[in-house]
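Trainee: My structure is stored as upload_6.txt, with compact mmCIF, C-alpha atoms and all ligand atoms.
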# COMPACT_ATOMS: atom_id res chain seq x y z
CA MET A 1 165.39 -77.86 168.57
CA LEU A 2 162.84 -78.17 165.81
CA ALA A 3 161.23 -75.01 164.44
CA GLN A 4 157.91 -76.74 163.74
CA GLU A 5 157.67 -77.92 167.35
CA ILE A 6 158.21 -74.37 168.65
CA ILE A 7 155.62 -73.00 166.20
CA ARG A 8 153.20 -75.73 167.32
CA ARG A 9 153.65 -74.75 170.97
CA LYS A 10 152.89 -71.11 170.17
CA ARG A 11 149.94 -72.14 167.99
CA ASP A 12 148.54 -74.02 171.00
CA GLY A 13 148.90 -71.01 173.27
CA HIS A 14 151.98 -71.97 175.29
CA VAL A 15 154.54 -69.50 176.57
CA LEU A 16 157.83 -69.97 174.67
CA THR A 17 161.18 -69.99 176.44
CA GLY A 18 163.89 -67.45 175.68
CA ALA A 19 165.98 -70.26 174.16
CA GLU A 20 163.16 -71.25 171.80
CA ILE A 21 162.63 -67.68 170.65
CA THR A 22 166.36 -67.12 170.17
CA PHE A 23 166.58 -70.34 168.12
CA LEU A 24 163.73 -69.24 165.84
CA ILE A 25 165.20 -65.77 165.27
CA GLU A 26 168.70 -67.13 164.66
CA SER A 27 167.21 -69.56 162.13
CA LEU A 28 165.30 -66.70 160.50
CA THR A 29 168.51 -64.69 160.22
CA ASN A 30 170.72 -67.47 158.83
CA GLY A 31 168.04 -68.58 156.36
CA SER A 32 167.38 -72.03 157.84
CA LEU A 33 163.82 -71.04 158.82
CA SER A 34 161.66 -71.13 155.69
CA GLU A 35 159.38 -68.25 154.70
CA GLY A 36 156.41 -70.54 155.36
CA GLN A 37 157.62 -71.32 158.88
CA ALA A 38 158.22 -67.62 159.62
CA ALA A 39 154.72 -66.79 158.37
CA ALA A 40 153.20 -69.59 160.49
CA PHE A 41 155.07 -68.31 163.54
CA ALA A 42 153.86 -64.75 162.91
CA MET A 43 150.26 -65.95 162.54
CA ALA A 44 150.52 -68.05 165.72
CA VAL A 45 151.77 -64.96 167.60
CA PHE A 46 149.05 -62.85 165.98
CA PHE A 47 146.33 -65.12 167.41
CA GLN A 48 147.89 -66.27 170.68
CA GLY A 49 149.82 -63.11 171.66
CA MET A 50 152.88 -63.18 173.86
CA VAL A 51 153.52 -62.47 177.53
CA ARG A 52 155.90 -59.64 178.40
CA ASP A 53 158.93 -61.94 178.93
CA GLU A 54 158.43 -63.46 175.48
CA ILE A 55 158.28 -60.00 173.87
CA VAL A 56 161.47 -59.00 175.71
CA ALA A 57 163.19 -62.18 174.45
CA LEU A 58 161.91 -61.65 170.89
CA THR A 59 163.06 -58.02 170.88
CA GLY A 60 166.50 -58.99 172.24
CA ALA A 61 166.99 -61.78 169.72
CA MET A 62 165.97 -59.52 166.83
CA THR A 63 168.26 -56.74 168.05
CA ARG A 64 171.23 -59.14 168.23
CA SER A 65 170.54 -60.49 164.72
CA GLY A 66 172.82 -57.79 163.27
CA THR A 67 175.15 -54.94 164.20
CA VAL A 68 174.39 -53.02 167.38
CA LEU A 69 175.79 -49.52 167.01
CA ASP A 70 178.00 -48.15 169.74
CA TRP A 71 178.62 -44.40 169.79
CA ARG A 72 181.05 -44.35 172.71
CA SER A 73 184.18 -44.29 170.54
CA LEU A 74 183.05 -40.95 169.06
CA ASN A 75 182.98 -39.26 172.48
CA LEU A 76 179.87 -37.31 171.54
CA ALA A 77 179.24 -34.24 173.65
CA GLY A 78 175.61 -35.13 174.39
CA PRO A 79 173.13 -37.99 174.73
CA VAL A 80 172.12 -40.25 171.83
CA LEU A 81 168.35 -39.85 171.44
CA ASP A 82 165.60 -40.70 168.99
CA LYS A 83 161.86 -40.59 168.45
CA HIS A 84 159.72 -43.00 166.48
CA SER A 85 156.13 -42.71 165.34
CA THR A 86 153.74 -45.61 164.83
CA GLY A 87 152.66 -43.88 161.61
CA GLY A 88 150.13 -41.38 160.38
CA ILE A 89 149.12 -38.91 157.66
CA GLY A 90 150.86 -35.54 157.29
CA ASP A 91 153.26 -36.73 159.98
CA ASN A 92 156.48 -34.93 159.04
CA VAL A 93 157.53 -34.44 162.67
CA SER A 94 160.85 -36.31 162.24
CA LEU A 95 162.09 -33.85 159.60
CA ILE A 96 161.73 -31.03 162.13
CA LEU A 97 162.43 -32.79 165.42
CA ALA A 98 165.75 -34.51 164.59
CA PRO A 99 167.54 -31.22 163.69
CA LEU A 100 165.73 -29.40 166.50
CA VAL A 101 166.98 -31.80 169.19
CA ALA A 102 170.45 -31.71 167.60
CA ALA A 103 170.37 -27.91 167.93
CA CYS A 104 169.57 -28.37 171.64
CA GLY A 105 172.61 -30.60 172.30
CA GLY A 106 171.30 -34.11 171.52
CA PHE A 107 172.63 -36.56 168.93
CA VAL A 108 169.93 -38.19 166.83
CA PRO A 109 170.78 -41.25 164.68
CA MET A 110 167.28 -41.77 163.34
CA ILE A 111 166.50 -45.03 161.55
CA ALA A 112 163.27 -44.24 159.71
CA GLY A 113 160.92 -46.30 157.59
CA ARG A 114 159.14 -46.16 154.25
CA GLY A 115 155.39 -45.75 153.85
CA LEU A 116 153.48 -48.62 155.40
CA GLY A 117 149.86 -49.39 154.57
CA HIS A 118 147.99 -46.08 154.28
CA THR A 119 150.65 -44.13 156.25
CA GLY A 120 153.50 -42.05 154.85
CA GLY A 121 157.17 -42.83 155.52
CA THR A 122 159.94 -40.39 156.47
CA LEU A 123 162.40 -42.03 154.06
CA ASP A 124 160.06 -41.62 151.11
CA LYS A 125 159.74 -37.94 152.02
CA LEU A 126 163.51 -37.46 152.18
CA ASP A 127 163.94 -39.26 148.86
CA SER A 128 162.18 -36.31 147.21
CA ILE A 129 165.33 -34.26 147.93
CA PRO A 130 167.69 -34.75 144.96
CA GLY A 131 170.96 -36.43 145.96
CA TYR A 132 169.89 -37.22 149.56
CA THR A 133 171.27 -40.68 150.37
CA SER A 134 168.77 -42.36 152.65
CA THR A 135 170.81 -45.56 152.85
CA PRO A 136 174.41 -44.36 153.32
CA ASP A 137 177.21 -46.59 154.52
CA LEU A 138 177.77 -46.71 158.25
CA ALA A 139 180.79 -44.37 158.11
CA ARG A 140 178.80 -41.58 156.46
CA PHE A 141 175.91 -42.07 158.88
CA ARG A 142 178.24 -41.85 161.87
CA ALA A 143 180.02 -38.82 160.41
CA SER A 144 176.74 -36.95 159.93
CA VAL A 145 175.62 -37.73 163.48
CA GLN A 146 179.00 -36.64 164.85
CA ARG A 147 179.36 -33.43 162.83
CA VAL A 148 175.76 -32.27 162.44
CA GLY A 149 174.15 -33.92 165.45
CA CYS A 150 171.58 -35.84 163.41
CA ALA A 151 171.06 -38.11 160.42
CA ILE A 152 167.84 -39.66 159.20
CA ILE A 153 168.45 -42.85 157.24
CA GLY A 154 166.81 -46.18 156.38
CA GLN A 155 167.36 -49.57 157.96
CA THR A 156 170.64 -50.87 156.53
CA ALA A 157 171.11 -54.58 155.75
CA ASP A 158 173.05 -55.15 158.95
CA LEU A 159 170.71 -53.39 161.41
CA ALA A 160 168.18 -55.86 162.87
CA PRO A 161 168.10 -58.05 159.71
CA ALA A 162 165.71 -60.49 161.40
CA ASP A 163 163.16 -57.69 161.61
CA LYS A 164 163.72 -56.82 157.96
CA ARG A 165 162.98 -60.40 156.90
CA LEU A 166 160.07 -60.96 159.28
CA TYR A 167 158.56 -57.58 158.45
CA ALA A 168 158.51 -58.34 154.72
CA ILE A 169 156.76 -61.64 155.48
CA ARG A 170 154.25 -60.02 157.87
CA ASP A 171 153.46 -57.36 155.28
CA ILE A 172 152.15 -60.00 152.84
CA THR A 173 150.58 -62.40 155.36
CA ALA A 174 148.17 -60.05 157.23
CA THR A 175 150.20 -60.22 160.43
CA VAL A 176 151.29 -56.59 160.82
CA GLU A 177 148.72 -55.56 163.45
CA SER A 178 150.09 -57.68 166.27
CA LEU A 179 151.09 -55.91 169.48
CA PRO A 180 154.06 -58.22 170.33
CA LEU A 181 155.32 -58.19 166.74
CA ILE A 182 155.02 -54.38 166.39
CA THR A 183 156.76 -53.88 169.74
CA ALA A 184 159.67 -56.16 168.86
CA SER A 185 159.93 -54.80 165.32
CA ILE A 186 160.17 -51.14 166.35
CA LEU A 187 162.34 -51.68 169.40
CA SER A 188 164.83 -54.08 167.79
CA LYS A 189 165.74 -51.33 165.29
CA LYS A 190 165.93 -48.68 168.02
CA LEU A 191 168.04 -50.87 170.31
CA ALA A 192 170.35 -51.71 167.39
CA ALA A 193 170.86 -47.98 166.88
CA GLY A 194 172.57 -47.77 170.29
CA LEU A 195 170.26 -45.14 171.79
CA GLU A 196 170.33 -43.72 175.30
CA GLY A 197 166.74 -42.51 175.22
CA LEU A 198 163.68 -43.00 173.01
CA VAL A 199 160.41 -41.14 172.69
CA MET A 200 157.59 -43.05 171.01
CA ASP A 201 154.80 -41.14 169.29
CA VAL A 202 151.89 -43.57 169.42
CA LYS A 203 149.15 -42.36 167.11
CA THR A 204 145.47 -42.98 167.66
CA GLY A 205 142.41 -41.97 165.64
CA SER A 206 141.01 -42.45 162.15
CA GLY A 207 144.42 -42.32 160.43
CA ALA A 208 146.34 -44.55 162.87
CA PHE A 209 146.97 -48.31 162.95
CA MET A 210 145.68 -48.26 166.54
CA ALA A 211 142.49 -46.34 165.79
CA GLN A 212 141.01 -46.70 169.30
CA LEU A 213 142.61 -45.13 172.38
CA PRO A 214 142.60 -48.38 174.49
CA GLN A 215 144.56 -50.19 171.75
CA ALA A 216 147.03 -47.30 171.45
CA ARG A 217 147.46 -47.31 175.24
CA GLU A 218 148.16 -51.03 175.22
CA LEU A 219 150.81 -50.58 172.51
CA ALA A 220 152.36 -47.63 174.36
CA GLN A 221 152.51 -49.66 177.58
CA SER A 222 154.05 -52.64 175.80
CA ILE A 223 156.74 -50.53 174.11
CA VAL A 224 157.61 -48.60 177.29
CA ALA A 225 157.81 -51.77 179.41
CA VAL A 226 159.85 -53.79 176.92
CA ALA A 227 162.22 -50.89 176.12
CA ASN A 228 162.87 -50.25 179.77
CA ALA A 229 163.46 -53.98 180.37
CA ALA A 230 166.10 -53.72 177.62
CA GLN A 231 167.71 -50.76 179.47
CA LEU A 232 166.50 -48.18 176.96
CA PRO A 233 164.75 -45.36 178.87
CA THR A 234 161.59 -44.72 176.88
CA VAL A 235 158.62 -42.39 177.11
CA ALA A 236 155.49 -42.82 174.98
CA VAL A 237 153.31 -39.89 173.97
CA ILE A 238 149.88 -40.77 172.59
CA THR A 239 148.85 -38.22 169.96
CA ASP A 240 145.76 -37.61 167.90
CA MET A 241 145.48 -38.77 164.29
CA ASN A 242 141.81 -37.95 163.67
CA GLU A 243 143.01 -35.44 161.06
CA PRO A 244 146.30 -35.02 159.16
CA LEU A 245 148.89 -33.52 161.51
CA ALA A 246 150.42 -31.12 158.98
CA SER A 247 148.20 -29.38 156.43
CA ALA A 248 150.04 -31.30 153.69
CA ALA A 249 150.06 -35.02 152.85
CA GLY A 250 152.42 -36.34 150.17
CA ASN A 251 156.19 -36.63 150.07
CA ALA A 252 157.60 -33.42 148.56
CA LEU A 253 154.63 -31.44 149.90
CA GLU A 254 155.47 -32.55 153.45
CA VAL A 255 159.16 -31.68 152.96
CA LYS A 256 158.08 -28.20 151.83
CA ASN A 257 155.77 -27.97 154.86
CA ALA A 258 158.68 -28.94 157.16
CA VAL A 259 161.07 -26.42 155.60
CA ASP A 260 158.39 -23.72 155.87
CA PHE A 261 158.05 -24.68 159.53
CA LEU A 262 161.80 -24.44 160.14
CA THR A 263 162.14 -21.11 158.32
CA LYS A 264 159.00 -19.74 160.04
CA ALA A 265 157.32 -19.15 156.67
CA HIS A 266 154.35 -21.22 157.85
CA ARG A 267 153.71 -23.29 160.98
CA ASP A 268 150.72 -25.59 161.41
CA PRO A 269 149.71 -25.13 165.07
CA ARG A 270 148.90 -28.80 165.79
CA LEU A 271 152.18 -29.89 164.27
CA GLU A 272 154.01 -27.35 166.43
CA THR A 273 152.29 -28.66 169.58
CA VAL A 274 153.31 -32.27 168.81
CA VAL A 275 156.89 -31.31 167.86
CA LEU A 276 157.31 -29.43 171.14
CA ALA A 277 155.67 -32.17 173.26
CA LEU A 278 157.95 -34.86 171.81
CA GLY A 279 160.98 -32.57 171.95
CA VAL A 280 160.36 -31.80 175.63
CA GLN A 281 160.39 -35.53 176.42
CA MET A 282 163.58 -36.06 174.40
CA LEU A 283 165.45 -33.24 176.13
CA ARG A 284 164.28 -34.43 179.53
CA LEU A 285 165.25 -38.06 178.82
CA GLY A 286 168.68 -36.90 177.68
CA GLY A 287 169.22 -34.67 180.73
CA LEU A 288 169.39 -31.62 178.44
CA ALA A 289 166.79 -29.61 180.37
CA ALA A 290 166.04 -29.15 184.06
CA SER A 291 162.26 -29.10 183.66
CA SER A 292 159.60 -29.33 180.97
CA ALA A 293 159.31 -25.54 180.94
CA ASP A 294 163.09 -25.25 180.49
CA ALA A 295 162.99 -27.84 177.68
CA GLU A 296 160.18 -26.01 175.89
CA ALA A 297 162.03 -22.70 176.18
CA LYS A 298 165.18 -24.25 174.67
CA LEU A 299 163.25 -25.87 171.83
CA THR A 300 161.31 -22.70 171.04
CA ALA A 301 164.52 -20.66 170.98
CA ALA A 302 166.22 -23.13 168.61
CA LEU A 303 163.19 -23.05 166.33
CA ASN A 304 162.93 -19.28 166.31
CA ASN A 305 166.62 -18.32 166.10
CA GLY A 306 167.22 -20.52 163.04
CA ALA A 307 169.47 -23.06 164.81
CA ALA A 308 167.17 -26.01 164.02
CA CYS A 309 166.84 -24.91 160.40
CA GLU A 310 170.60 -24.67 160.07
CA ARG A 311 171.00 -28.26 161.40
CA PHE A 312 168.43 -29.48 158.87
CA ALA A 313 170.33 -27.79 156.03
CA ARG A 314 173.62 -29.31 157.20
CA MET A 315 172.09 -32.79 157.53
CA VAL A 316 170.74 -32.64 153.97
CA ALA A 317 174.16 -31.58 152.67
CA ALA A 318 176.04 -34.18 154.77
CA LEU A 319 173.89 -36.93 153.26
CA GLY A 320 174.42 -35.80 149.66
CA GLY A 321 171.60 -33.29 149.10
CA PRO A 322 172.03 -29.73 147.77
CA VAL A 323 173.99 -27.36 150.04
CA ASP A 324 171.44 -24.61 149.33
CA PHE A 325 168.36 -26.80 149.76
CA VAL A 326 166.68 -24.66 152.42
CA GLU A 327 167.17 -21.43 150.45
CA ASN A 328 166.13 -22.91 147.10
CA PHE A 329 163.93 -25.91 147.93
CA GLU A 330 161.24 -24.77 145.50
CA ASN A 331 163.74 -25.31 142.68
CA TYR A 332 164.72 -28.78 143.90
CA LEU A 333 161.47 -30.45 144.94
CA PRO A 334 159.49 -32.15 142.16
CA LYS A 335 156.23 -30.45 141.19
CA ALA A 336 152.97 -31.95 139.96
CA ALA A 337 151.61 -30.95 136.56
CA ILE A 338 148.11 -30.41 137.96
CA VAL A 339 147.25 -28.39 141.06
CA GLN A 340 143.55 -27.87 141.64
CA ALA A 341 141.19 -26.97 144.46
CA VAL A 342 138.95 -29.58 146.06
CA PRO A 343 135.64 -27.70 146.50
CA ALA A 344 133.42 -28.29 149.54
CA LEU A 345 130.13 -29.89 148.51
CA GLN A 346 128.20 -28.00 151.21
CA SER A 347 128.61 -25.18 153.73
CA GLY A 348 129.17 -25.91 157.40
CA THR A 349 131.75 -27.14 159.92
CA ILE A 350 134.16 -30.01 159.28
CA LEU A 351 132.93 -32.43 161.96
CA SER A 352 134.97 -35.54 161.20
CA ILE A 353 137.68 -36.65 158.82
CA ASP A 354 138.39 -40.16 157.57
CA THR A 355 142.14 -39.59 157.78
CA ARG A 356 142.96 -43.10 156.59
CA ALA A 357 141.07 -42.33 153.35
CA ILE A 358 143.30 -39.28 152.79
CA GLY A 359 146.35 -41.57 153.07
CA VAL A 360 144.73 -43.93 150.59
CA GLY A 361 144.07 -40.91 148.35
CA VAL A 362 147.78 -40.08 148.34
CA ILE A 363 148.60 -43.68 147.37
CA GLY A 364 146.00 -43.51 144.57
CA LEU A 365 147.75 -40.38 143.23
CA GLY A 366 151.00 -42.39 143.09
CA GLY A 367 152.50 -40.98 146.31
CA GLY A 368 152.62 -44.41 148.02
CA ARG A 369 153.01 -48.04 147.02
CA LYS A 370 150.30 -50.48 146.01
CA ILE A 371 152.90 -53.26 145.78
CA ALA A 372 156.39 -53.27 147.30
CA SER A 373 158.17 -52.75 143.96
CA ASP A 374 156.19 -49.59 143.02
CA THR A 375 158.17 -46.39 142.55
CA ILE A 376 156.75 -43.33 144.24
CA ASP A 377 155.73 -40.07 142.61
CA ALA A 378 157.12 -37.61 145.16
CA ALA A 379 155.30 -34.58 143.72
CA VAL A 380 151.70 -35.65 144.33
CA GLY A 381 149.40 -35.34 147.35
CA TYR A 382 147.22 -32.79 149.10
CA ALA A 383 148.18 -29.32 150.38
CA HIS A 384 146.35 -26.66 152.40
CA ILE A 385 144.14 -29.35 153.94
CA GLN A 386 141.46 -27.84 156.17
CA GLY A 387 141.19 -29.26 159.68
CA LEU A 388 138.50 -30.37 162.09
CA GLY A 389 136.22 -27.62 163.37
CA GLN A 390 136.94 -25.32 160.44
CA THR A 391 133.95 -23.73 158.77
CA VAL A 392 133.71 -23.81 154.98
CA SER A 393 131.28 -22.42 152.43
CA LEU A 394 129.93 -24.34 149.48
CA GLY A 395 132.62 -24.45 146.76
CA GLN A 396 135.41 -23.20 149.04
CA PRO A 397 138.61 -25.34 148.89
CA LEU A 398 138.88 -28.20 151.40
CA ALA A 399 142.43 -28.74 150.09
CA PHE A 400 144.45 -28.53 146.88
CA VAL A 401 145.20 -31.74 145.08
CA HIS A 402 148.60 -32.11 143.36
CA ALA A 403 148.32 -34.74 140.63
CA ARG A 404 150.06 -36.12 137.57
CA THR A 405 146.95 -36.71 135.43
CA PRO A 406 143.40 -35.29 135.23
CA ALA A 407 141.94 -38.73 136.02
CA SER A 408 143.99 -39.17 139.19
CA ALA A 409 143.19 -35.58 140.24
CA ALA A 410 139.46 -36.27 139.83
CA ALA A 411 139.68 -39.52 141.84
CA ALA A 412 141.68 -37.84 144.64
CA THR A 413 139.21 -34.93 144.69
CA HIS A 414 136.30 -37.33 145.19
CA ILE A 415 138.17 -39.22 147.95
CA LEU A 416 138.87 -36.03 149.91
CA GLN A 417 135.30 -34.75 149.55
CA GLN A 418 133.99 -38.07 150.87
CA ALA A 419 136.59 -38.15 153.67
CA MET A 420 135.40 -34.87 155.19
CA HIS A 421 132.04 -34.89 156.94
CA ILE A 422 130.57 -31.38 156.99
CA GLY A 423 127.59 -30.54 159.20
CA ASP A 424 125.82 -27.77 161.07
CA SER A 425 126.94 -28.33 164.65
CA HIS A 426 129.92 -26.84 166.45
CA LEU A 427 133.02 -28.93 167.20
CA ALA A 428 135.23 -28.24 170.20
CA PRO A 429 138.96 -28.34 169.32
CA ILE A 430 140.65 -31.73 169.86
CA GLU A 431 143.96 -31.53 171.72
CA PRO A 432 146.71 -33.13 169.59
CA VAL A 433 148.58 -34.52 172.64
CA ILE A 434 146.40 -37.01 174.50
CA GLU A 435 148.60 -38.49 177.23
CA THR A 436 152.18 -39.34 178.13
CA LEU A 437 153.45 -42.59 179.56
CA ALA A 438 156.64 -42.18 181.59
CA PRO A 439 159.38 -44.85 181.83
CA SER A 440 157.83 -45.83 185.18
CA GLY A 441 154.59 -46.59 183.35
CA LYS A 442 152.91 -43.59 184.98
CA ILE A 443 150.39 -41.70 182.84
CA ALA A 444 150.59 -37.88 182.71
N1 LIG B 1 156.74 -49.98 162.35
C1 LIG B 1 157.69 -50.95 162.42
O1 LIG B 1 158.87 -50.70 162.28
N2 LIG B 1 157.28 -52.20 162.62
C2 LIG B 1 155.98 -52.56 162.78
O2 LIG B 1 155.70 -53.72 162.99
C3 LIG B 1 155.01 -51.54 162.69
C4 LIG B 1 155.41 -50.24 162.50
For this file, produce the structure as structure tokens.

Mentor:
Amino acid sequence: MLAQEIIRRKRDGHVLTGAEITFLIESLTNGSLSEGQAAAFAMAVFFQGMVRDEIVALTGAMTRSGTVLDWRSLNLAGPVLDKHSTGGIGDNVSLILAPLVAACGGFVPMIAGRGLGHTGGTLDKLDSIPGYTSTPDLARFRASVQRVGCAIIGQTADLAPADKRLYAIRDITATVESLPLITASILSKKLAAGLEGLVMDVKTGSGAFMAQLPQARELAQSIVAVANAAQLPTVAVITDMNEPLASAAGNALEVKNAVDFLTKAHRDPRLETVVLALGVQMLRLGGLAASSADAEAKLTAALNNGAACERFARMVAALGGPVDFVENFENYLPKAAIVQAVPALQSGTILSIDTRAIGVGVIGLGGGRKIASDTIDAAVGYAHIQGLGQTVSLGQPLAFVHARTPASAAAATHILQQAMHIGDSHLAPIEPVIETLAPSGKIA
């Protein structure tokens, strides 16, 4: 087979065979497909799309490009489960949910990502914990999952390497926002992790990649259908990203927010709703609860009796972080030199938020990457962010900016003030959980 002939067929809108897709992905993995050819293929898929069978074949080929984990030899006492988000702002759900599900009897080997575009990444957040090894060897990863019930780590070199290579090429060739490519990219990593159940958090709204609900629905349907075709029972929950989910955005600030949540020091209500909704689906997929009400009761108990917090503390220690992180996190997390209020420029109700702009504001402060080689300043970001429907008076804080320099603080202040539209009318609360797509494709 010739790669350029296969790319030409996709360019011209033909449906590729499984053998053609496998050949391309094998060539991508062994280096015989050039970067230019991979980019041309990605662009052809971007414009021509793929039918379901092609996406299933692409996902399978990318999954098989590296190691596929198998947990059976560990004889784990519960199901192997995970959740994955399509990305948002103030989305620190994973830090809470992985230990929470572990405390309820699940085993969660979570392969998380770094910040992408304007969105934050779970791995970047965890890297603000001194000593935490986000890319451990496989033995340490397995040991943490076995002993603690969860481990959140990054994609290692041998897990879905074809995705790693294609993703890096897509990132610099404007081919990220492709439904078949996103589906195959996410699911190849999840299938390589050897899961028995997956819950997808598909974000929609001003801070999401799929800003409009119909697009988010299409992505949710694609992921659920392809995952189930690959024998991975998957539920998708579409959740709102028209405002930051937690009241903090920025790496160390979101870790603090998550620890405060686990210790009950502070819980953002919308975050709690999303954590519970996703947790209910995970427990139900794993057969760990008889009904949604039973699942919610188990999750709430584990949150309130400290069991989830204890799992988080053990996971941090198992992956090289401080053993007393939960008790003394204020001493461990990096702090910004400047913390200042962002004053409201008028009185009224917060009627809309450009959530994407808040993510861009965090990047401008140094909390995300402008180019792939950038190092991240974990200390910076926004805290105490006010939400939609809240009323503010002139000069009252809309948030607090945490910055390294006066100039970056001033720029981030301006961005946040512009991102929040304040007016006179009333705004009805927006439910954070929009709809759920069951493995059968049924919407609830
Ligand atoms: N996350 C991924 O892992 N891949 C994509 O393509 C998009 C989001």

Trainee: Determine, using only C-alpha atoms and all ligand atoms, which residues of chain A have any atom at most 9 Å from an atom of ligand LIG 1 (chain B), and tabulate each with its shortest atom pair and distance in Å to one decimal place, rows ordered by chain and then rising number, as a Markdown table.

Mentor:
| residue | atom | partner | partner_atom | distance |
| --- | --- | --- | --- | --- |
| A:His84 | CA | B:LIG1 | N1 | 8.6 |
| A:Ser85 | CA | B:LIG1 | N1 | 7.9 |
| A:Thr86 | CA | B:LIG1 | C4 | 5.4 |
| A:Gly87 | CA | B:LIG1 | C4 | 7.0 |
| A:Ala112 | CA | B:LIG1 | O1 | 8.2 |
| A:Gly113 | CA | B:LIG1 | O1 | 6.7 |
| A:Leu116 | CA | B:LIG1 | C4 | 7.5 |
| A:Asp163 | CA | B:LIG1 | N2 | 8.1 |
| A:Lys164 | CA | B:LIG1 | O1 | 8.9 |
| A:Tyr167 | CA | B:LIG1 | O2 | 6.6 |
| A:Arg170 | CA | B:LIG1 | O2 | 8.2 |
| A:Asp171 | CA | B:LIG1 | O2 | 8.8 |
| A:Thr175 | CA | B:LIG1 | O2 | 8.9 |
| A:Val176 | CA | B:LIG1 | O2 | 5.7 |
| A:Glu177 | CA | B:LIG1 | O2 | 7.2 |
| A:Ser178 | CA | B:LIG1 | O2 | 7.6 |
| A:Leu179 | CA | B:LIG1 | O2 | 8.3 |
| A:Pro180 | CA | B:LIG1 | O2 | 8.8 |
| A:Leu181 | CA | B:LIG1 | O2 | 5.8 |
| A:Ile182 | CA | B:LIG1 | O2 | 3.5 |
| A:Thr183 | CA | B:LIG1 | O2 | 6.8 |
| A:Ala184 | CA | B:LIG1 | O2 | 7.5 |
| A:Ser185 | CA | B:LIG1 | N2 | 4.6 |
| A:Ile186 | CA | B:LIG1 | O1 | 4.3 |
| A:Leu187 | CA | B:LIG1 | O1 | 8.0 |
| A:Ser188 | CA | B:LIG1 | O1 | 8.8 |
| A:Lys189 | CA | B:LIG1 | O1 | 7.5 |
| A:Phe209 | CA | B:LIG1 | C3 | 8.7 |

Trainee: Atom CA of Ala337 of chain A to atom CA of Ile385 of chain A: how many Å, to one decimal?

Mentor: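 Interatomic distance here is 19.0 Å.
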
Trainee: For segment 140-195 of chain A versus segment 292-316 of chain A, which residues have an atom no more than 7 Å away, and what is each residue's nearest atom pair and distance in Å rounded to one decimal, using all atoms listed in the file, chain-then-number order, as CSV?

Mentor:
residue,atom,partner,partner_atom,distance
A:Ser144,CA,A:Met315,CA,6.7
A:Val148,CA,A:Met315,CA,6.2
A:Cys150,CA,A:Met315,CA,6.6
A:Ala151,CA,A:Met315,CA,6.1

Trainee: How far is it from atom CA of Ile358 of chain A to atom CA of Leu126 of chain A, in Å with one decimal?

Mentor: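 A separation of 20.3 Å between them.
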
Trainee: Between A:Pro429, A:Phe23, A:Asp127, A:Met43, which one has atoms that come closest to Thr375 of chain A, using all atoms listed in the file?

Mentor: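 For Thr375 of chain A, the nearest of the given residues is A:Asp127.
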
Trainee: With distances taken over all atoms listed in the file, which residue among A:Leu319, A:Thr122, A:Val93, A:Pro343 lies nearest Arg267 of chain A?

Mentor: A:Val93

Trainee: Using all atoms listed in the file for the distances, tell me which of A:Ala344, A:Ala248, A:Ala102, A:Leu159 is nearest to His402 of chain A.

Mentor: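 Using all atoms listed in the file, the shortest distance to His402 of chain A belongs to A:Ala248.
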
Trainee: What does the distance between atom CA of Ala57 of chain A and atom CA of Thr204 of chain A come to in Å, to one decimal place?

Mentor: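 It comes out at 27.0 Å.
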
Trainee: In terms of the shortest atom-to-atom distance over only C-alpha atoms, which of A:Ala174, A:Ala157, A:Ala38, A:Ile434 is closest to Pro214 of chain A?

Mentor: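 Closest candidate: A:Ile434.
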
Trainee: For Val80 of chain A, find every residue with an atom within 8 Å (counting only C-alpha atoms), except residues of its own chain fewer than 5 positions away, and show them as a count of residues only.

Mentor: 10
